[in-house]
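my_file-v2.cif, holding mmCIF, C-alpha atoms and all ligand atoms:
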```cif
data_model
#
loop_
_atom_site.label_atom_id
_atom_site.label_comp_id
_atom_site.auth_asym_id
_atom_site.auth_seq_id
_atom_site.Cartn_x
_atom_site.Cartn_y
_atom_site.Cartn_z
CA MET A 1 7.43 9.81 -36.91
CA TYR A 2 5.08 6.87 -37.14
CA GLN A 3 1.41 6.45 -36.33
CA ALA A 4 0.30 4.53 -33.24
CA LYS A 5 -3.21 3.47 -32.27
CA ALA A 6 -4.53 5.00 -29.05
CA TYR A 7 -7.60 6.07 -27.09
CA SER A 8 -7.91 9.75 -26.26
CA VAL A 9 -10.31 12.30 -24.81
CA SER A 10 -10.87 15.56 -26.66
CA SER A 11 -12.20 17.59 -23.70
CA ALA A 12 -12.87 17.35 -19.95
CA THR A 13 -16.38 16.07 -20.62
CA ALA A 14 -15.84 13.93 -23.74
CA PRO A 15 -15.75 10.13 -23.54
CA PHE A 16 -12.68 8.19 -24.70
CA ALA A 17 -12.59 7.38 -28.42
CA PRO A 18 -10.15 5.58 -30.71
CA THR A 19 -7.57 7.73 -32.48
CA THR A 20 -4.11 7.63 -34.00
CA ILE A 21 -1.17 9.59 -32.59
CA SER A 22 2.32 10.40 -33.86
CA ARG A 23 5.21 8.77 -32.04
CA ARG A 24 8.87 9.49 -32.73
CA GLU A 25 11.10 6.94 -34.44
CA PRO A 26 13.54 5.58 -31.83
CA THR A 27 16.67 7.70 -31.45
CA ASP A 28 20.05 6.08 -30.61
CA THR A 29 19.15 5.84 -26.94
CA ASP A 30 15.46 4.97 -27.31
CA VAL A 31 13.53 1.78 -26.76
CA GLN A 32 10.30 1.11 -28.67
CA ILE A 33 7.83 -1.01 -26.73
CA GLU A 34 4.73 -2.84 -27.91
CA ILE A 35 2.36 -2.16 -25.03
CA LEU A 36 0.70 -5.34 -23.75
CA PHE A 37 -1.07 -4.03 -20.63
CA CYS A 38 -1.69 -0.61 -19.13
CA GLY A 39 -3.23 0.00 -15.72
CA ILE A 40 -5.88 2.67 -15.12
CA CYS A 41 -4.82 5.05 -12.34
CA HIS A 42 -7.22 7.50 -10.73
CA SER A 43 -4.69 10.17 -11.80
CA ASP A 44 -5.62 9.32 -15.39
CA LEU A 45 -9.20 10.24 -14.54
CA HIS A 46 -8.21 13.46 -12.73
CA GLN A 47 -6.13 14.42 -15.75
CA ALA A 48 -8.59 13.39 -18.48
CA ARG A 49 -11.29 15.45 -16.76
CA ASN A 50 -8.96 18.40 -16.08
CA GLU A 51 -9.52 18.12 -12.31
CA TRP A 52 -5.96 19.34 -11.67
CA LYS A 53 -6.36 22.47 -13.78
CA GLU A 54 -4.70 24.62 -11.08
CA VAL A 55 -1.42 22.69 -11.14
CA MET A 56 -1.35 20.61 -14.33
CA PRO A 57 -3.94 21.82 -16.84
CA THR A 58 -4.82 19.18 -19.40
CA VAL A 59 -3.89 19.65 -23.05
CA TYR A 60 -6.35 17.95 -25.40
CA PRO A 61 -6.41 15.51 -27.03
CA CYS A 62 -5.12 13.62 -23.99
CA VAL A 63 -3.91 10.00 -23.99
CA PRO A 64 -3.39 8.96 -20.34
CA GLY A 65 -1.72 5.82 -19.02
CA HIS A 66 1.45 5.49 -16.93
CA GLU A 67 1.34 1.87 -15.81
CA ILE A 68 2.85 0.34 -18.93
CA VAL A 69 4.24 -3.14 -19.52
CA GLY A 70 5.12 -4.65 -22.87
CA ARG A 71 7.72 -6.18 -25.11
CA VAL A 72 10.64 -4.40 -26.73
CA THR A 73 10.26 -4.20 -30.53
CA ARG A 74 13.15 -1.93 -31.55
CA VAL A 75 16.16 -0.33 -29.85
CA GLY A 76 18.48 2.52 -30.86
CA SER A 77 22.13 1.82 -31.70
CA ALA A 78 23.39 3.03 -28.30
CA VAL A 79 20.92 1.00 -26.23
CA SER A 80 22.65 -1.57 -24.06
CA LYS A 81 20.02 -2.33 -21.41
CA PHE A 82 17.38 -3.88 -23.69
CA LYS A 83 17.04 -5.90 -26.87
CA PRO A 84 14.00 -6.76 -29.01
CA GLY A 85 11.87 -9.40 -27.34
CA ASP A 86 12.67 -8.33 -23.76
CA LEU A 87 9.88 -7.50 -21.32
CA ALA A 88 9.94 -3.84 -20.37
CA ALA A 89 7.96 -1.36 -18.31
CA VAL A 90 7.43 2.39 -18.17
CA GLY A 91 5.95 4.34 -15.29
CA CYS A 92 5.11 8.00 -14.77
CA LEU A 93 8.44 9.49 -15.92
CA VAL A 94 9.97 9.48 -19.41
CA ASP A 95 12.72 12.10 -19.05
CA SER A 96 14.65 14.34 -16.63
CA ASP A 97 17.75 16.53 -16.91
CA HIS A 98 20.20 14.06 -15.29
CA THR A 99 22.30 16.95 -13.97
CA CYS A 100 20.35 18.56 -11.11
CA PRO A 101 20.91 17.52 -7.47
CA GLU A 102 17.65 15.55 -7.48
CA CYS A 103 18.69 13.46 -10.49
CA GLN A 104 22.18 13.02 -9.01
CA ALA A 105 20.46 11.62 -5.91
CA ASN A 106 18.36 9.20 -8.01
CA LEU A 107 15.25 11.21 -7.19
CA GLU A 108 14.18 12.04 -10.75
CA GLN A 109 10.60 12.49 -9.55
CA PHE A 110 11.73 15.85 -8.08
CA CYS A 111 13.76 17.03 -11.09
CA PRO A 112 12.60 20.53 -12.10
CA ASN A 113 12.99 19.49 -15.73
CA MET A 114 11.33 16.08 -15.61
CA THR A 115 8.89 14.93 -18.28
CA LEU A 116 5.83 12.97 -17.25
CA THR A 117 4.60 10.13 -19.44
CA TYR A 118 1.53 12.03 -20.63
CA ASN A 119 0.23 15.59 -20.80
CA PHE A 120 3.71 17.10 -20.54
CA PRO A 121 5.69 19.13 -23.12
CA ASP A 122 7.45 16.65 -25.44
CA LYS A 123 10.83 17.96 -26.57
CA HIS A 124 10.93 15.42 -29.41
CA THR A 125 7.58 16.18 -31.06
CA GLY A 126 6.98 19.75 -29.91
CA GLY A 127 3.56 18.66 -28.66
CA VAL A 128 2.66 16.88 -25.45
CA THR A 129 3.58 13.38 -24.33
CA TYR A 130 1.04 10.61 -24.88
CA GLY A 131 0.63 7.78 -22.39
CA GLY A 132 0.00 4.09 -22.41
CA TYR A 133 -3.60 3.79 -23.66
CA SER A 134 -1.87 2.99 -26.94
CA ASP A 135 -0.31 0.09 -28.83
CA SER A 136 3.27 1.32 -28.56
CA VAL A 137 5.53 3.88 -26.93
CA VAL A 138 9.10 5.12 -27.48
CA VAL A 139 11.10 5.96 -24.36
CA ASP A 140 14.74 6.74 -23.53
CA GLN A 141 16.37 3.59 -22.13
CA ARG A 142 17.09 5.28 -18.79
CA PHE A 143 13.35 5.44 -18.13
CA VAL A 144 12.60 1.87 -19.15
CA LEU A 145 12.44 -0.70 -16.36
CA SER A 146 12.86 -4.47 -16.26
CA VAL A 147 9.94 -6.65 -15.23
CA PRO A 148 10.74 -9.78 -13.21
CA SER A 149 9.84 -12.72 -15.45
CA ASN A 150 7.85 -14.58 -12.75
CA LEU A 151 5.20 -11.85 -12.49
CA ASP A 152 1.89 -11.95 -14.37
CA LEU A 153 2.11 -9.05 -16.81
CA ALA A 154 -1.46 -7.74 -16.53
CA ALA A 155 -1.10 -7.70 -12.75
CA ALA A 156 2.42 -6.22 -12.84
CA ALA A 157 1.41 -3.13 -14.84
CA PRO A 158 -0.08 -1.26 -11.82
CA LEU A 159 3.21 -1.61 -9.95
CA LEU A 160 4.57 1.15 -12.19
CA CYS A 161 2.46 3.78 -10.43
CA ALA A 162 0.28 2.31 -7.68
CA GLY A 163 3.21 0.13 -6.61
CA ILE A 164 6.01 2.68 -6.45
CA THR A 165 3.77 5.44 -5.07
CA THR A 166 3.00 3.36 -2.00
CA TYR A 167 6.38 1.58 -1.70
CA SER A 168 8.45 4.79 -1.75
CA PRO A 169 6.91 6.71 1.19
CA MET A 170 6.76 3.58 3.32
CA ARG A 171 10.48 3.05 2.77
CA HIS A 172 11.15 6.74 3.41
CA TRP A 173 9.22 6.79 6.70
CA GLY A 174 10.69 3.51 7.93
CA VAL A 175 7.74 1.14 7.81
CA THR A 176 9.06 -2.07 9.34
CA LYS A 177 8.20 -4.80 11.81
CA GLY A 178 6.98 -3.35 15.09
CA LYS A 179 5.37 -0.29 13.48
CA LYS A 180 1.62 0.30 13.40
CA VAL A 181 0.65 1.47 9.93
CA GLY A 182 -2.67 2.67 8.53
CA ILE A 183 -3.74 2.63 4.90
CA VAL A 184 -6.67 4.90 4.05
CA GLY A 185 -8.78 3.94 1.01
CA LEU A 186 -8.73 0.43 -0.41
CA GLY A 187 -8.43 1.35 -4.08
CA GLY A 188 -5.64 0.85 -6.58
CA LEU A 189 -2.97 2.53 -4.48
CA GLY A 190 -4.41 1.49 -1.13
CA HIS A 191 -4.45 -2.23 -1.88
CA MET A 192 -0.78 -2.07 -2.95
CA GLY A 193 -0.04 -0.15 0.25
CA VAL A 194 -1.58 -3.00 2.26
CA LYS A 195 0.51 -5.60 0.43
CA PHE A 196 3.75 -3.68 1.01
CA ALA A 197 3.05 -2.76 4.65
CA HIS A 198 2.30 -6.44 5.32
CA ALA A 199 5.41 -7.55 3.41
CA PHE A 200 7.53 -5.10 5.44
CA GLY A 201 6.22 -6.73 8.61
CA ALA A 202 4.18 -3.81 9.98
CA HIS A 203 0.93 -4.18 11.91
CA THR A 204 -1.36 -3.04 9.11
CA VAL A 205 -4.75 -1.41 9.56
CA VAL A 206 -7.03 -0.57 6.63
CA PHE A 207 -9.47 2.34 6.79
CA THR A 208 -12.28 1.92 4.32
CA THR A 209 -15.63 3.53 3.58
CA SER A 210 -16.80 0.26 1.97
CA PRO A 211 -18.01 -2.45 4.39
CA SER A 212 -18.01 -4.88 1.46
CA LYS A 213 -14.19 -4.64 1.20
CA LYS A 214 -13.56 -5.88 4.76
CA ASP A 215 -12.81 -9.50 3.86
CA ASP A 216 -10.65 -8.48 0.94
CA ALA A 217 -8.62 -6.18 3.16
CA LEU A 218 -7.82 -9.08 5.48
CA ARG A 219 -7.00 -11.35 2.54
CA LEU A 220 -4.66 -8.70 1.11
CA GLY A 221 -2.66 -8.66 4.34
CA ALA A 222 -4.39 -6.29 6.79
CA ASP A 223 -4.32 -7.22 10.47
CA GLU A 224 -7.34 -5.04 11.22
CA VAL A 225 -10.00 -3.20 9.23
CA VAL A 226 -11.73 -0.01 10.41
CA LEU A 227 -14.89 1.38 8.85
CA SER A 228 -13.84 5.01 8.71
CA ARG A 229 -17.40 6.37 8.89
CA ASP A 230 -17.86 4.72 12.31
CA ALA A 231 -16.64 7.27 14.88
CA ASN A 232 -16.50 4.65 17.67
CA GLU A 233 -14.26 2.37 15.64
CA MET A 234 -12.01 5.30 14.78
CA ALA A 235 -11.79 6.45 18.42
CA LYS A 236 -10.39 3.07 19.51
CA HIS A 237 -7.21 3.82 17.53
CA ALA A 238 -6.62 7.39 18.78
CA GLY A 239 -2.94 8.31 19.20
CA SER A 240 -1.63 4.89 18.18
CA PHE A 241 -0.21 4.99 14.65
CA ASP A 242 3.43 5.45 13.66
CA PHE A 243 2.52 6.08 10.05
CA ILE A 244 -0.61 6.49 7.95
CA LEU A 245 -0.70 6.50 4.16
CA ASP A 246 -3.75 8.26 2.72
CA ALA A 247 -4.66 7.18 -0.82
CA VAL A 248 -8.10 8.76 -1.16
CA ALA A 249 -8.85 10.59 -4.41
CA VAL A 250 -11.60 12.90 -3.15
CA ASP A 251 -12.38 15.43 -0.41
CA HIS A 252 -12.38 13.86 3.08
CA ASP A 253 -11.50 14.75 6.69
CA LEU A 254 -7.74 14.46 7.23
CA ASN A 255 -7.98 15.61 10.85
CA ALA A 256 -9.70 12.37 11.79
CA TYR A 257 -6.52 10.53 10.72
CA ILE A 258 -4.02 13.05 12.15
CA ASN A 259 -5.62 12.39 15.55
CA LEU A 260 -4.87 8.69 15.21
CA LEU A 261 -1.10 9.33 15.03
CA ARG A 262 1.10 8.88 18.08
CA ARG A 263 3.76 11.41 19.05
CA ASP A 264 6.02 12.12 16.06
CA GLY A 265 3.75 10.05 13.83
CA ASN A 266 3.44 10.94 10.17
CA LEU A 267 0.51 11.06 7.79
CA THR A 268 1.58 10.98 4.16
CA MET A 269 -0.85 11.96 1.42
CA VAL A 270 -0.47 10.18 -1.86
CA GLY A 271 -4.10 10.74 -2.81
CA ALA A 272 -4.45 13.98 -4.74
CA PRO A 273 -7.97 15.44 -4.31
CA GLU A 274 -8.96 18.28 -6.59
CA LYS A 275 -9.59 20.85 -3.81
CA PRO A 276 -7.54 21.98 -0.75
CA LEU A 277 -8.36 20.16 2.51
CA PRO A 278 -8.64 22.05 5.86
CA ILE A 279 -6.18 21.05 8.58
CA ALA A 280 -6.66 21.65 12.33
CA ILE A 281 -3.10 22.72 13.14
CA PHE A 282 -3.36 21.89 16.85
CA GLY A 283 -3.67 18.25 15.88
CA LEU A 284 -0.12 18.53 14.54
CA ILE A 285 1.34 20.80 17.24
CA MET A 286 0.26 18.92 20.33
CA ALA A 287 1.99 15.66 19.45
CA ARG A 288 4.70 16.95 17.07
CA ARG A 289 2.93 15.03 14.32
CA SER A 290 3.73 15.70 10.69
CA LEU A 291 1.74 15.78 7.50
CA SER A 292 3.52 15.25 4.21
CA GLY A 293 3.01 14.23 0.62
CA SER A 294 4.89 11.96 -1.73
CA PRO A 295 4.99 11.62 -5.51
CA ILE A 296 5.73 8.29 -7.28
CA GLY A 297 9.45 7.39 -6.93
CA GLY A 298 12.78 7.60 -8.75
CA LEU A 299 13.97 5.14 -11.36
CA ALA A 300 16.35 3.21 -9.12
CA GLU A 301 13.72 2.84 -6.41
CA THR A 302 11.11 1.81 -8.97
CA GLN A 303 13.42 -0.97 -10.16
CA GLU A 304 14.10 -1.91 -6.52
CA MET A 305 10.32 -2.12 -5.96
CA LEU A 306 9.83 -4.29 -9.07
CA ASP A 307 12.63 -6.62 -7.93
CA PHE A 308 11.12 -6.74 -4.42
CA CYS A 309 7.80 -7.71 -6.01
CA GLY A 310 9.54 -10.38 -8.09
CA ALA A 311 11.22 -11.81 -4.99
CA HIS A 312 8.02 -11.75 -2.89
CA ASN A 313 5.61 -12.58 -5.70
CA ILE A 314 3.65 -9.36 -5.23
CA THR A 315 1.39 -8.01 -7.96
CA SER A 316 -1.78 -6.00 -8.13
CA ASP A 317 -5.25 -7.59 -7.96
CA VAL A 318 -6.54 -6.67 -11.39
CA GLU A 319 -9.70 -6.77 -13.44
CA VAL A 320 -8.48 -7.08 -17.02
CA ILE A 321 -10.62 -5.18 -19.52
CA PRO A 322 -10.60 -4.54 -23.26
CA ILE A 323 -9.90 -0.92 -24.14
CA GLN A 324 -13.45 -0.59 -25.47
CA LYS A 325 -14.61 -0.68 -21.80
CA LEU A 326 -12.54 2.39 -20.84
CA ASN A 327 -15.48 4.75 -20.36
CA GLU A 328 -17.35 2.20 -18.25
CA ALA A 329 -14.22 1.62 -16.17
CA TYR A 330 -13.91 5.34 -15.42
CA GLU A 331 -17.51 5.46 -14.17
CA ARG A 332 -16.85 2.47 -11.94
CA LEU A 333 -13.66 4.08 -10.60
CA LEU A 334 -15.75 7.01 -9.42
CA LYS A 335 -17.98 4.60 -7.49
CA SER A 336 -15.01 2.81 -5.82
CA ASP A 337 -16.18 -0.23 -7.79
CA VAL A 338 -12.92 -1.84 -8.82
CA LYS A 339 -11.07 -4.81 -7.33
CA TYR A 340 -8.53 -3.35 -7.22
CA ARG A 341 -7.08 -2.04 -10.45
CA PHE A 342 -8.27 -2.10 -14.03
CA SER A 343 -5.59 -3.36 -16.42
CA ILE A 344 -6.25 -2.80 -20.11
CA ASP A 345 -5.41 -5.74 -22.38
CA MET A 346 -3.93 -3.85 -25.30
CA ALA A 347 -4.53 -6.76 -27.69
CA SER A 348 -8.08 -5.35 -27.82
CA LEU A 349 -6.75 -2.24 -29.56
CA LYS A 350 -5.75 -4.28 -32.62
CA SER A 351 -9.40 -4.58 -33.68
CA GLU A 352 -9.89 -0.79 -33.80
P1 LIG B 1 -8.95 4.57 -6.58
O1 LIG B 1 -8.60 3.22 -7.07
O2 LIG B 1 -10.16 5.24 -7.12
O3 LIG B 1 -9.05 4.47 -4.98
C1 LIG B 1 -9.47 5.52 -4.16
C2 LIG B 1 -10.15 4.95 -2.92
O4 LIG B 1 -10.54 6.04 -2.09
C3 LIG B 1 -11.45 4.23 -3.18
O5 LIG B 1 -11.32 2.91 -3.61
C4 LIG B 1 -12.12 4.30 -1.83
O6 LIG B 1 -11.67 3.27 -0.98
C5 LIG B 1 -11.63 5.62 -1.27
N1 LIG B 1 -12.71 6.62 -1.33
C6 LIG B 1 -13.51 6.88 -2.39
N2 LIG B 1 -14.41 7.83 -2.08
C7 LIG B 1 -14.16 8.18 -0.81
C8 LIG B 1 -14.73 9.11 0.10
N3 LIG B 1 -15.76 9.88 -0.27
N4 LIG B 1 -14.20 9.21 1.32
C9 LIG B 1 -13.18 8.46 1.70
N5 LIG B 1 -12.61 7.53 0.90
C10 LIG B 1 -13.10 7.40 -0.33
O7 LIG B 1 -7.77 5.60 -6.83
P2 LIG B 1 -6.19 5.33 -6.95
O8 LIG B 1 -5.84 5.09 -8.36
O9 LIG B 1 -5.77 4.41 -5.89
O10 LIG B 1 -5.64 6.82 -6.65
C11 LIG B 1 -5.89 7.41 -5.40
C12 LIG B 1 -5.41 8.84 -5.39
O11 LIG B 1 -3.98 8.84 -5.46
C13 LIG B 1 -5.87 9.68 -6.59
O12 LIG B 1 -6.14 10.99 -6.15
C14 LIG B 1 -4.67 9.67 -7.50
O13 LIG B 1 -4.61 10.77 -8.37
C15 LIG B 1 -3.56 9.73 -6.48
N6 LIG B 1 -2.27 9.30 -6.99
C16 LIG B 1 -1.19 9.97 -6.51
C17 LIG B 1 0.08 9.59 -6.89
C18 LIG B 1 1.25 10.28 -6.32
O14 LIG B 1 2.33 10.20 -6.91
N7 LIG B 1 1.11 10.91 -5.17
C19 LIG B 1 0.24 8.53 -7.77
C20 LIG B 1 -0.89 7.87 -8.23
C21 LIG B 1 -2.14 8.25 -7.82
P3 LIG B 1 -12.68 2.63 0.10
O15 LIG B 1 -13.79 2.02 -0.71
O16 LIG B 1 -11.81 1.62 0.79
O17 LIG B 1 -13.12 3.70 1.03
ZN ZN B 2 -0.83 6.84 -11.40
#
```

Can you present the structure in this file as structure tokens?
Ligand code: NAP
Ligand code: ZN
Amino acid sequence: MYQAKAYSVSSATAPFAPTTISRREPTDTDVQIEILFCGICHSDLHQARNEWKEVMPTVYPCVPGHEIVGRVTRVGSAVSKFKPGDLAAVGCLVDSDHTCPECQANLEQFCPNMTLTYNFPDKHTGGVTYGGYSDSVVVDQRFVLSVPSNLDLAAAAPLLCAGITTYSPMRHWGVTKGKKVGIVGLGGLGHMGVKFAHAFGAHTVVFTTSPSKKDDALRLGADEVVLSRDANEMAKHAGSFDFILDAVAVDHDLNAYINLLRRDGNLTMVGAPEKPLPIAIFGLIMARRSLSGSPIGGLAETQEMLDFCGAHNITSDVEVIPIQKLNEAYERLLKSDVKYRFSIDMASLKSE
């Protein structure tokens, strides 16, 4: 074991504070990465504040962070994919069983024995996994991804969660040219959803509660922007969408969006609000619409997404912050005041 610098929370109500954590020495198949940037996902906030206590109760101290990019510092003797000095990235997954049907299908995100990057039982240490709000991480090579060299690193970090979480369901549900696609919530996930829907050639409509984001939505690739609190604007789109991706982190009315789907249209939730949301079932029945959810993506698809981003020069719009501004960033996240992802410059951790 060695000691790594990190920022953690000690309870659901405590602010982040500097700490040290134990990381394992790299095994034969491990890659040690010096973390250069880590994005701040709203999931980090849900988890730090134990908002998902029903499904994933938080173990404290908690070190979130699953949008990790950095440079390889050490590799185990059996590592062939990476060498010291390489750029590398880690997303939401750090292990799975490799034997179940989901893993065999390259869908490790559904493996019953997967290990998430933080707040999950860690078979190596006997404790829980610690995420990327830290100066280094040690991960099995199978869960380490390659970052295209043309991408800005601070802006590439959010691809590891916000990127794959929006890319994967759009690929699954066939978002292509000729399709009308809605993106609900122009936050970290939503703004990546807009970039991908646009890149896939779909007619892209953003639903936002923030009038001030209208121009940005168009700049990011939207063809139209709807202020979702304006019932008249919403009504104009009734029954017209092939696919809607909902990336809202809090309680809101899903039925308003289900009614915008055409026959056989699908609404996929990637946003993960704390409480159950009521659904008017007739909205689904009468037009054979479907409602589904989607978690992150598998390793192969995450690499495909990164390569797609490299080829199309797609990154996140980031506000780079020092780690000392973590608590302030969380407060701003709650106010939808981020354009459009915070990316922590981990060099700031050296001064702690
Ligand atoms: P975020 O940056 O905070 O964005 C959420 C957006 O929701 C806000 O920017 C805002 O956009 C909109 N919003 C806020 N309050 C609202 C309200 N009262 N009514 C309607 N819309 C509202 O969050 P994020 O990091 O993108 O994450 C979004 C959600 O996805 C979180 O719940 C997160 O846990 C979840 N998530 C899921 C997965 C997965 O695998 N499924 C992966 C990552 C994250 P506007 O200002 O445009 O309205
Ligand atoms: Zn995330």

Practice task
Kindly work out which residues sit at most 6 Å from ligand LIG 1 (chain B), using all atoms listed in the file, and give the list as a count of residues only.
Solution key: 29

Handout entry: Long-range neighbours of Phe110 (chain A) as a list in words, 12 Å cut-off, all atoms listed in the file, 3 positions minimum in chain
Key = Leu93, Asp95, Ser96, Asp97, His98, Cys100, Pro101, Glu102, Cys103, Gln104, Ala105, Asn106, Leu107, Asn113, Met114, Thr115, Leu116, Ser294, Pro295, Ile296, Gly297, Gly298 and Leu299 of chain A

Practice task
Using only C-alpha atoms and all ligand atoms, pick whichever of A:Thr29, A:Gln3, A:Ser22, A:Gln47 has the shortest atom-to-atom distance to ligand ZN 2 (chain B).
Solution key: A:Gln47

Exercise for the section: For each of A:Phe196, A:Pro61, A:Arg23, A:Leu254, take the minimum atom-to-atom distance to Met269 (chain A), counting all atoms listed in the file, then give the residue where this is smallest. Expected result: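 Ranking A:Phe196, A:Pro61, A:Arg23, A:Leu254 by distance to Met269 (chain A), first place goes to A:Leu254.
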
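Shortest separation to ligand ZN 2 (chain B) among A:Arg341, A:Lys177, A:Arg71, A:Arg229 occurs at residue A:Arg341, atoms counted being all atoms listed in the file.
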
Practice task
Give me, please, the distance in Å between CA of Ser136 (chain A) and CA of Thr73 (chain A), quoted to one decimal.
Solution key: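 CA of Thr73 (chain A) lies 9.1 Å from CA of Ser136 (chain A).
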
Practice task
Please provide the set of residues having any atom within 9 Å of region 305-320 of chain A, restricted to only C-alpha atoms, with same-chain residues fewer than 4 positions apart removed, written as a PyMOL selection string.
Solution key: chain A and resi 37+39+145-160+162-164+167-168+188+191-192+195-196+199+300-301+338-345

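Remark: for Gln324 (chain A), the closest of the candidate residues A:Tyr2, A:Ser8, A:Met234, A:Val128 is A:Ser8 (distances computed over only C-alpha atoms).
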
Exercise for the section: Kindly indicate which residue among A:Val144, A:Val194, A:Ile244, A:Ile35 lies nearest to Lys180 (chain A), using all atoms listed in the file for the distances. Expected result: A:Ile244

6 Å per side around region 94-109 of chain A: axis-aligned box centre and edge lengths, as AutoDock Vina command-line options:
```
--center_x 16.1 --center_y 13.9 --center_z -12.7 --size_x 24.3 --size_y 21.4 --size_z 25.5
```

Handout entry: From A:Ser134, A:Ser77, A:Ser11, A:Thr166, residue lying nearest ligand ZN 2 (chain B) [only C-alpha atoms and all ligand atoms]
Key = A:Thr166

Which polymer residues have any atom within 8 Å of an atom of region 172-176 of chain A, counting all atoms listed in the file, with same-chain residues fewer than 3 positions away left out, as an mmCIF file with C-alpha atoms, in the coordinates of the input?
```cif
data_model
loop_
_atom_site.group_PDB
_atom_site.id
_atom_site.type_symbol
_atom_site.label_atom_id
_atom_site.label_comp_id
_atom_site.auth_asym_id
_atom_site.auth_seq_id
_atom_site.Cartn_x
_atom_site.Cartn_y
_atom_site.Cartn_z
ATOM 1 C CA SER A 168 8.450 4.790 -1.750
ATOM 2 C CA PRO A 169 6.910 6.710 1.190
ATOM 3 C CA LYS A 179 5.370 -0.290 13.480
ATOM 4 C CA VAL A 181 0.650 1.470 9.930
ATOM 5 C CA ALA A 197 3.050 -2.760 4.650
ATOM 6 C CA PHE A 200 7.530 -5.100 5.440
ATOM 7 C CA GLY A 201 6.220 -6.730 8.610
ATOM 8 C CA ALA A 202 4.180 -3.810 9.980
ATOM 9 C CA PHE A 243 2.520 6.080 10.050
ATOM 10 C CA ASN A 266 3.440 10.940 10.170
#
```

Practice task
Enter the distance from CA of Pro211 (chain A) to CA of Leu245 (chain A), in Å, rounded to one decimal.
Solution key: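 Computing it gives 19.5 Å between the two atoms.
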
Problem - Two-atom distance - CA of Arg262 (chain A), CA of Ala217 (chain A) (Å) - result: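 If I compute the distance from CA of Arg262 (chain A) to CA of Ala217 (chain A), I get 23.3 Å.
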
Problem - Expected answer as a list in words: all residues with atoms within 8 Å of (-11.2, 18.8, -5.8), all atoms listed in the file - result: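 Nearby residues: Glu51, Trp52, Val250, Asp251, Pro273, Glu274, Lys275 and Pro276 of chain A.
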